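I have placed the structure first, in the form of structure tokens, so that the comments after it can refer back to it.
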Amino acid sequence: MTARVVPVELGERSYSIHIGSGAWRLLEEHLRGRDPAGRVMIVTDERVNSVYGRRIGELGEASKPPAVVAVVPEGEGSKSFAHLEDLCRKMAGAGLDRSSLVVALGGGVVGDLAGLASSLFVRGIRLIQAPTTLLAMVDSSTGGKTGINLPEGKNLVGTFHQPEAVFADTDVLRTLHPRDWYSGMAEVIKIALTLDPELFLYLEEVTDLGPDGDVDIARVVTSACRRKAEIIEADEWESGPRLILNFGHTLAHALEASMSYGEIRHGEAVLLGMKAALALSKRICGLPDDQFDRAVRVLGRIPVPEVKLEEDLLGYMTRDKKRSEGRVQSVLLEAIGRCRIVPLDDPGELVRSLSSFHSEG
Ligand SMILES: NC(=O)c1ccc[n+]([C@@H]2O[C@H](COP(=O)([O-])OP(=O)(O)OC[C@H]3O[C@@H](n4cnc5c(N)ncnc54)[C@H](O)[C@@H]3O)[C@@H](O)[C@H]2O)c1
């Protein structure tokens, strides 16, 4: 087993991210070694359970008494009030109390839903994130953001609830659907573009960013988690630098909501949002042409389905959580690795920027 550890220093809420092949064995030890008071609940989704059900059962047996396993339907639709209620009622039915622990074992959907339920149930119980998608490993499992969607907008209901540990076992990425692999890779590129020029150089050098390519995935996940940990340490409650992680997200969330969630992967939407933000970065923030070209070239290596830009995109963007004084806050690049937050009077500029990519083909 080769696990790397990235610490997240948040005073009494500090924790470690364990990354690498076999990291679930560390999770098993963690569960075996914990104080037996309080029931453990492992929350996962149907697909992850169908692939890893036996292993999840073994993990559950490590805690005393054995953990209860709650399985939610796969997909973005689970981030809803109905599924939140259902999960909280399962927690009550299984006798969870303030000394209990929830293990969110799945992608970003499971992490966000189980994270929210664990922050609300009996006013908050402990949480471990065990991310199983690339996207969840490099982004959603760290930092404590939880949430569900409303028809009016993505992640509009949520809390901050830091996990007590994160266990990212890179072995499980082998069974991801290629679209989910690439969706996570888009978030890796986001972190490289906004915070890590060295990681960006590495991604440029890699021949094939796909699931069967030559990416050193443990290295990439570790770099991304390190950068994300630094940002969270600087701004746990997202009042300043953490907003940088929303590069590409204003348009992405609007695309996801306008497509009724689920038709487009989160990372695919973020990739389209990043393209639009890059074009604006060139015009508004002086992103040099050669850096723009390099960024677009790396993004172009990630396949994204054709999307129809719906007319109601603007409405969704103006309901974005990151609005301030009535204006949409957009993250733009001055250079690879250097960002600026720019209030946009007209968020339609983002849609037009993306359309210009489409018309250029
Ligand atoms: N909280 C945050 O800070 C944050 C950050 C970024 C994204 N998010 C949220 O994350 C969600 C997207 O996460 P996601 O892309 O992981 O989606 P997801 O959780 O829906 O997972 C994608 C698919 O992969 C399957 N899957 C998961 N692990 C697997 C494995 N190891 N092998 C085979 N199949 C597997 C799932 O069943 C699902 O069908 C969005 O809702 C987004 O809003 C949250």
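By order in the structure tokens, chains are A, B, ...; within a chain, residues start at 1; ligands start at 1, following the order shown.
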Near A:Gly300, within 12 Å and counting only C-alpha atoms, which residues show up once chain neighbours fewer than 2 positions away are dropped, as a PDB file with all heavy atoms, in the first residue's frame?
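After the write, selection.pdb holds the following:
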ATOM      1  N   TYR A 182     -13.085  11.652 -17.357  1.00  0.00           N
ATOM      2  CA  TYR A 182     -12.777  12.934 -17.998  1.00  0.00           C
ATOM      3  C   TYR A 182     -13.398  14.107 -17.231  1.00  0.00           C
ATOM      4  O   TYR A 182     -12.827  15.202 -17.176  1.00  0.00           O
ATOM      5  CB  TYR A 182     -13.264  12.931 -19.447  1.00  0.00           C
ATOM      6  CG  TYR A 182     -12.359  12.167 -20.390  1.00  0.00           C
ATOM      7  CD1 TYR A 182     -12.810  11.035 -21.058  1.00  0.00           C
ATOM      8  CD2 TYR A 182     -11.048  12.596 -20.620  1.00  0.00           C
ATOM      9  CE1 TYR A 182     -11.977  10.341 -21.931  1.00  0.00           C
ATOM     10  CE2 TYR A 182     -10.213  11.900 -21.497  1.00  0.00           C
ATOM     11  CZ  TYR A 182     -10.681  10.779 -22.142  1.00  0.00           C
ATOM     12  OH  TYR A 182      -9.853  10.099 -23.002  1.00  0.00           O
ATOM     13  N   MET A 185     -11.072  14.871 -14.674  1.00  0.00           N
ATOM     14  CA  MET A 185      -9.852  15.458 -15.250  1.00  0.00           C
ATOM     15  C   MET A 185     -10.077  16.948 -15.538  1.00  0.00           C
ATOM     16  O   MET A 185      -9.147  17.751 -15.445  1.00  0.00           O
ATOM     17  CB  MET A 185      -9.463  14.683 -16.506  1.00  0.00           C
ATOM     18  CG  MET A 185      -8.035  14.844 -16.949  1.00  0.00           C
ATOM     19  SD  MET A 185      -6.768  14.619 -15.667  1.00  0.00           S
ATOM     20  CE  MET A 185      -6.671  12.854 -15.527  1.00  0.00           C
ATOM     21  N   ALA A 186     -11.313  17.314 -15.891  1.00  0.00           N
ATOM     22  CA  ALA A 186     -11.605  18.738 -16.125  1.00  0.00           C
ATOM     23  C   ALA A 186     -11.380  19.536 -14.833  1.00  0.00           C
ATOM     24  O   ALA A 186     -10.833  20.645 -14.864  1.00  0.00           O
ATOM     25  CB  ALA A 186     -13.054  18.894 -16.606  1.00  0.00           C
ATOM     26  N   ILE A 189      -7.714  20.059 -14.346  1.00  0.00           N
ATOM     27  CA  ILE A 189      -7.216  21.159 -15.191  1.00  0.00           C
ATOM     28  C   ILE A 189      -7.602  22.505 -14.560  1.00  0.00           C
ATOM     29  O   ILE A 189      -6.810  23.453 -14.582  1.00  0.00           O
ATOM     30  CB  ILE A 189      -7.759  21.039 -16.635  1.00  0.00           C
ATOM     31  CG1 ILE A 189      -7.299  19.726 -17.260  1.00  0.00           C
ATOM     32  CG2 ILE A 189      -7.313  22.225 -17.494  1.00  0.00           C
ATOM     33  CD1 ILE A 189      -7.927  19.408 -18.620  1.00  0.00           C
ATOM     34  N   GLU A 204       0.373  19.117 -19.684  1.00  0.00           N
ATOM     35  CA  GLU A 204       0.731  19.360 -21.094  1.00  0.00           C
ATOM     36  C   GLU A 204       1.663  18.258 -21.615  1.00  0.00           C
ATOM     37  O   GLU A 204       1.600  17.872 -22.775  1.00  0.00           O
ATOM     38  CB  GLU A 204       1.453  20.705 -21.228  1.00  0.00           C
ATOM     39  CG  GLU A 204       0.525  21.907 -21.272  1.00  0.00           C
ATOM     40  CD  GLU A 204       1.291  23.205 -21.496  1.00  0.00           C
ATOM     41  OE1 GLU A 204       2.261  23.471 -20.778  1.00  0.00           O
ATOM     42  OE2 GLU A 204       0.902  23.953 -22.422  1.00  0.00           O
ATOM     43  N   ASP A 208      -1.601  11.208 -23.009  1.00  0.00           N
ATOM     44  CA  ASP A 208      -3.014  10.841 -23.081  1.00  0.00           C
ATOM     45  C   ASP A 208      -3.644  11.041 -21.699  1.00  0.00           C
ATOM     46  O   ASP A 208      -3.269  10.351 -20.739  1.00  0.00           O
ATOM     47  CB  ASP A 208      -3.095   9.361 -23.524  1.00  0.00           C
ATOM     48  CG  ASP A 208      -4.522   8.851 -23.595  1.00  0.00           C
ATOM     49  OD1 ASP A 208      -5.443   9.609 -23.240  1.00  0.00           O
ATOM     50  OD2 ASP A 208      -4.710   7.677 -23.994  1.00  0.00           O
ATOM     51  N   LEU A 209      -4.594  11.974 -21.605  1.00  0.00           N
ATOM     52  CA  LEU A 209      -5.215  12.280 -20.299  1.00  0.00           C
ATOM     53  C   LEU A 209      -6.368  11.327 -19.980  1.00  0.00           C
ATOM     54  O   LEU A 209      -7.047  11.477 -18.971  1.00  0.00           O
ATOM     55  CB  LEU A 209      -5.744  13.720 -20.282  1.00  0.00           C
ATOM     56  CG  LEU A 209      -4.691  14.841 -20.352  1.00  0.00           C
ATOM     57  CD1 LEU A 209      -5.361  16.200 -20.529  1.00  0.00           C
ATOM     58  CD2 LEU A 209      -3.832  14.840 -19.093  1.00  0.00           C
ATOM     59  N   GLU A 268     -17.920  18.209 -17.122  1.00  0.00           N
ATOM     60  CA  GLU A 268     -18.118  18.625 -18.519  1.00  0.00           C
ATOM     61  C   GLU A 268     -18.645  20.059 -18.562  1.00  0.00           C
ATOM     62  O   GLU A 268     -18.198  20.880 -19.372  1.00  0.00           O
ATOM     63  CB  GLU A 268     -19.116  17.682 -19.213  1.00  0.00           C
ATOM     64  CG  GLU A 268     -18.586  16.266 -19.383  1.00  0.00           C
ATOM     65  CD  GLU A 268     -19.662  15.255 -19.805  1.00  0.00           C
ATOM     66  OE1 GLU A 268     -20.873  15.576 -19.748  1.00  0.00           O
ATOM     67  OE2 GLU A 268     -19.292  14.131 -20.170  1.00  0.00           O
ATOM     68  N   LEU A 271     -15.912  22.402 -17.706  1.00  0.00           N
ATOM     69  CA  LEU A 271     -14.992  22.584 -18.831  1.00  0.00           C
ATOM     70  C   LEU A 271     -15.527  23.646 -19.799  1.00  0.00           C
ATOM     71  O   LEU A 271     -14.793  24.540 -20.231  1.00  0.00           O
ATOM     72  CB  LEU A 271     -14.783  21.254 -19.543  1.00  0.00           C
ATOM     73  CG  LEU A 271     -13.715  21.296 -20.632  1.00  0.00           C
ATOM     74  CD1 LEU A 271     -12.886  20.014 -20.622  1.00  0.00           C
ATOM     75  CD2 LEU A 271     -14.306  21.491 -22.010  1.00  0.00           C
ATOM     76  N   LEU A 272     -16.825  23.578 -20.095  1.00  0.00           N
ATOM     77  CA  LEU A 272     -17.412  24.586 -20.994  1.00  0.00           C
ATOM     78  C   LEU A 272     -17.356  25.963 -20.337  1.00  0.00           C
ATOM     79  O   LEU A 272     -17.047  26.964 -20.989  1.00  0.00           O
ATOM     80  CB  LEU A 272     -18.850  24.197 -21.346  1.00  0.00           C
ATOM     81  CG  LEU A 272     -18.965  22.902 -22.166  1.00  0.00           C
ATOM     82  CD1 LEU A 272     -20.420  22.483 -22.305  1.00  0.00           C
ATOM     83  CD2 LEU A 272     -18.336  23.081 -23.547  1.00  0.00           C
ATOM     84  N   MET A 274     -15.140  26.958 -18.232  1.00  0.00           N
ATOM     85  CA  MET A 274     -13.735  27.430 -18.249  1.00  0.00           C
ATOM     86  C   MET A 274     -13.381  28.014 -19.613  1.00  0.00           C
ATOM     87  O   MET A 274     -12.680  29.013 -19.704  1.00  0.00           O
ATOM     88  CB  MET A 274     -12.781  26.285 -17.898  1.00  0.00           C
ATOM     89  CG  MET A 274     -12.805  25.919 -16.430  1.00  0.00           C
ATOM     90  SD  MET A 274     -11.419  24.863 -15.938  1.00  0.00           S
ATOM     91  CE  MET A 274     -11.916  23.285 -16.549  1.00  0.00           C
ATOM     92  N   LYS A 275     -13.873  27.370 -20.681  1.00  0.00           N
ATOM     93  CA  LYS A 275     -13.589  27.895 -22.026  1.00  0.00           C
ATOM     94  C   LYS A 275     -14.122  29.319 -22.149  1.00  0.00           C
ATOM     95  O   LYS A 275     -13.436  30.217 -22.640  1.00  0.00           O
ATOM     96  CB  LYS A 275     -14.254  27.017 -23.089  1.00  0.00           C
ATOM     97  CG  LYS A 275     -13.439  25.820 -23.497  1.00  0.00           C
ATOM     98  CD  LYS A 275     -14.176  25.137 -24.623  1.00  0.00           C
ATOM     99  CE  LYS A 275     -13.278  24.280 -25.481  1.00  0.00           C
ATOM    100  NZ  LYS A 275     -13.998  23.718 -26.622  1.00  0.00           N
ATOM    101  N   ASP A 293      -3.923  29.999 -25.651  1.00  0.00           N
ATOM    102  CA  ASP A 293      -3.864  28.878 -26.601  1.00  0.00           C
ATOM    103  C   ASP A 293      -3.485  27.578 -25.896  1.00  0.00           C
ATOM    104  O   ASP A 293      -4.062  26.524 -26.161  1.00  0.00           O
ATOM    105  CB  ASP A 293      -2.834  29.168 -27.708  1.00  0.00           C
ATOM    106  CG  ASP A 293      -3.296  30.299 -28.615  1.00  0.00           C
ATOM    107  OD1 ASP A 293      -4.507  30.613 -28.606  1.00  0.00           O
ATOM    108  OD2 ASP A 293      -2.446  30.881 -29.325  1.00  0.00           O
ATOM    109  N   ARG A 294      -2.512  27.667 -24.972  1.00  0.00           N
ATOM    110  CA  ARG A 294      -2.087  26.446 -24.265  1.00  0.00           C
ATOM    111  C   ARG A 294      -3.242  25.897 -23.420  1.00  0.00           C
ATOM    112  O   ARG A 294      -3.489  24.686 -23.382  1.00  0.00           O
ATOM    113  CB  ARG A 294      -0.891  26.749 -23.368  1.00  0.00           C
ATOM    114  CG  ARG A 294       0.411  26.939 -24.158  1.00  0.00           C
ATOM    115  CD  ARG A 294       1.502  27.483 -23.266  1.00  0.00           C
ATOM    116  NE  ARG A 294       1.775  26.622 -22.126  1.00  0.00           N
ATOM    117  CZ  ARG A 294       2.346  27.040 -20.984  1.00  0.00           C
ATOM    118  NH1 ARG A 294       2.690  28.311 -20.830  1.00  0.00           N
ATOM    119  NH2 ARG A 294       2.577  26.192 -20.005  1.00  0.00           N
ATOM    120  N   ALA A 295      -3.949  26.810 -22.748  1.00  0.00           N
ATOM    121  CA  ALA A 295      -5.061  26.369 -21.887  1.00  0.00           C
ATOM    122  C   ALA A 295      -6.153  25.712 -22.729  1.00  0.00           C
ATOM    123  O   ALA A 295      -6.653  24.628 -22.386  1.00  0.00           O
ATOM    124  CB  ALA A 295      -5.630  27.571 -21.127  1.00  0.00           C
ATOM    125  N   VAL A 296      -6.490  26.331 -23.863  1.00  0.00           N
ATOM    126  CA  VAL A 296      -7.556  25.786 -24.710  1.00  0.00           C
ATOM    127  C   VAL A 296      -7.122  24.433 -25.285  1.00  0.00           C
ATOM    128  O   VAL A 296      -7.935  23.507 -25.415  1.00  0.00           O
ATOM    129  CB  VAL A 296      -7.927  26.794 -25.824  1.00  0.00           C
ATOM    130  CG1 VAL A 296      -8.865  26.174 -26.841  1.00  0.00           C
ATOM    131  CG2 VAL A 296      -8.560  28.038 -25.218  1.00  0.00           C
ATOM    132  N   ARG A 297      -5.819  24.318 -25.591  1.00  0.00           N
ATOM    133  CA  ARG A 297      -5.320  23.048 -26.147  1.00  0.00           C
ATOM    134  C   ARG A 297      -5.489  21.904 -25.131  1.00  0.00           C
ATOM    135  O   ARG A 297      -5.949  20.816 -25.474  1.00  0.00           O
ATOM    136  CB  ARG A 297      -3.840  23.200 -26.520  1.00  0.00           C
ATOM    137  CG  ARG A 297      -3.466  22.381 -27.747  1.00  0.00           C
ATOM    138  CD  ARG A 297      -2.037  22.657 -28.210  1.00  0.00           C
ATOM    139  NE  ARG A 297      -1.807  24.033 -28.583  1.00  0.00           N
ATOM    140  CZ  ARG A 297      -0.787  24.797 -28.163  1.00  0.00           C
ATOM    141  NH1 ARG A 297       0.107  24.315 -27.334  1.00  0.00           N
ATOM    142  NH2 ARG A 297      -0.645  26.042 -28.571  1.00  0.00           N
ATOM    143  N   VAL A 298      -5.122  22.153 -23.882  1.00  0.00           N
ATOM    144  CA  VAL A 298      -5.261  21.086 -22.871  1.00  0.00           C
ATOM    145  C   VAL A 298      -6.745  20.764 -22.653  1.00  0.00           C
ATOM    146  O   VAL A 298      -7.136  19.592 -22.605  1.00  0.00           O
ATOM    147  CB  VAL A 298      -4.554  21.465 -21.545  1.00  0.00           C
ATOM    148  CG1 VAL A 298      -4.899  20.484 -20.442  1.00  0.00           C
ATOM    149  CG2 VAL A 298      -3.040  21.489 -21.756  1.00  0.00           C
ATOM    150  N   ILE A 302     -10.093  16.938 -23.617  1.00  0.00           N
ATOM    151  CA  ILE A 302     -11.155  16.288 -22.828  1.00  0.00           C
ATOM    152  C   ILE A 302     -12.426  16.272 -23.686  1.00  0.00           C
ATOM    153  O   ILE A 302     -12.937  17.337 -24.056  1.00  0.00           O
ATOM    154  CB  ILE A 302     -11.441  17.095 -21.531  1.00  0.00           C
ATOM    155  CG1 ILE A 302     -10.160  17.318 -20.728  1.00  0.00           C
ATOM    156  CG2 ILE A 302     -12.525  16.447 -20.692  1.00  0.00           C
ATOM    157  CD1 ILE A 302      -9.528  16.072 -20.176  1.00  0.00           C
ATOM    158  N   PRO A 303     -12.953  15.083 -23.997  1.00  0.00           N
ATOM    159  CA  PRO A 303     -14.172  15.057 -24.818  1.00  0.00           C
ATOM    160  C   PRO A 303     -15.392  15.565 -24.045  1.00  0.00           C
ATOM    161  O   PRO A 303     -15.561  15.240 -22.872  1.00  0.00           O
ATOM    162  CB  PRO A 303     -14.342  13.569 -25.160  1.00  0.00           C
ATOM    163  CG  PRO A 303     -13.488  12.819 -24.198  1.00  0.00           C
ATOM    164  CD  PRO A 303     -12.471  13.739 -23.619  1.00  0.00           C
ATOM    165  N   VAL A 304     -16.184  16.395 -24.704  1.00  0.00           N
ATOM    166  CA  VAL A 304     -17.409  16.921 -24.077  1.00  0.00           C
ATOM    167  C   VAL A 304     -18.549  16.773 -25.086  1.00  0.00           C
ATOM    168  O   VAL A 304     -18.351  17.051 -26.270  1.00  0.00           O
ATOM    169  CB  VAL A 304     -17.272  18.434 -23.736  1.00  0.00           C
ATOM    170  CG1 VAL A 304     -18.486  18.920 -22.982  1.00  0.00           C
ATOM    171  CG2 VAL A 304     -16.029  18.701 -22.944  1.00  0.00           C
ATOM    172  N   PHE A 357     -16.870  30.051 -29.281  1.00  0.00           N
ATOM    173  CA  PHE A 357     -16.093  28.815 -29.470  1.00  0.00           C
ATOM    174  C   PHE A 357     -16.842  27.871 -30.395  1.00  0.00           C
ATOM    175  O   PHE A 357     -16.291  27.281 -31.286  1.00  0.00           O
ATOM    176  CB  PHE A 357     -15.893  28.088 -28.136  1.00  0.00           C
ATOM    177  CG  PHE A 357     -14.651  28.515 -27.406  1.00  0.00           C
ATOM    178  CD1 PHE A 357     -14.709  29.397 -26.344  1.00  0.00           C
ATOM    179  CD2 PHE A 357     -13.417  28.023 -27.793  1.00  0.00           C
ATOM    180  CE1 PHE A 357     -13.578  29.777 -25.681  1.00  0.00           C
ATOM    181  CE2 PHE A 357     -12.275  28.398 -27.126  1.00  0.00           C
ATOM    182  CZ  PHE A 357     -12.350  29.282 -26.062  1.00  0.00           C
ATOM    183  N   GLY A 361     -16.112  26.364 -34.206  1.00  0.00           N
ATOM    184  CA  GLY A 361     -16.011  24.917 -34.385  1.00  0.00           C
ATOM    185  C   GLY A 361     -14.882  24.404 -33.569  1.00  0.00           C
ATOM    186  O   GLY A 361     -14.265  23.422 -33.851  1.00  0.00           O
TER     187      GLY A 361
END
Can you list every residue of chain A that has an atom at most 6 Å from ligand 1, with its nearest atom pair and the distance in Å to one decimal, using only C-alpha atoms and all ligand atoms, ordered by chain then number, as a tab-separated table?
residue	atom	partner	partner_atom_place_in_ligand_line	distance
A:Asp45	CA	ligand 1	37 (O)	5.8
A:Arg47	CA	ligand 1	37 (O)	4.4
A:Val48	CA	ligand 1	29 (C)	5.3
A:Glu74	CA	ligand 1	37 (O)	4.8
A:Gly75	CA	ligand 1	20 (O)	4.3
A:Glu76	CA	ligand 1	20 (O)	5.5
A:Gly106	CA	ligand 1	28 (N)	5.2
A:Gly107	CA	ligand 1	19 (O)	3.2
A:Gly108	CA	ligand 1	13 (O)	3.2
A:Val109	CA	ligand 1	19 (O)	3.8
A:Val110	CA	ligand 1	19 (O)	5.7
A:Asp112	CA	ligand 1	1 (N)	5.4
A:Thr132	CA	ligand 1	28 (N)	4.2
A:Thr133	CA	ligand 1	28 (N)	4.6
A:Leu135	CA	ligand 1	16 (O)	5.1
A:Ala136	CA	ligand 1	16 (O)	4.9
A:Asp139	CA	ligand 1	5 (C)	5.0
A:Ser140	CA	ligand 1	4 (C)	3.5
A:Lys145	CA	ligand 1	1 (N)	4.2
A:Thr146	CA	ligand 1	1 (N)	4.9
A:Val172	CA	ligand 1	31 (N)	4.4
A:Leu173	CA	ligand 1	31 (N)	4.9
A:Thr175	CA	ligand 1	32 (N)	4.1
A:Leu176	CA	ligand 1	33 (C)	3.9
A:Asp180	CA	ligand 1	22 (C)	5.7
A:His266	CA	ligand 1	12 (C)	5.4
Of the listed residues A:Glu263, A:Glu85, A:Glu61, A:Asp97, that which approaches A:Val122 most closely, counting only C-alpha atoms: A:Asp97
Shell of 8 Å around A:Val221, only C-alpha atoms, local chain residues under 5 positions omitted, as number ranges by chain: A: 19, 134, 137-138, 188
Helix (DSSP H, G or I) residues, from DSSP on the backbone, in stretch 61-287 of chain A, as a ChimeraX atom specification: /A:61-62,76-78,81-93,108-123,134-140,170-175,178-195,197-205,217-234,241-246,249-258,266-284
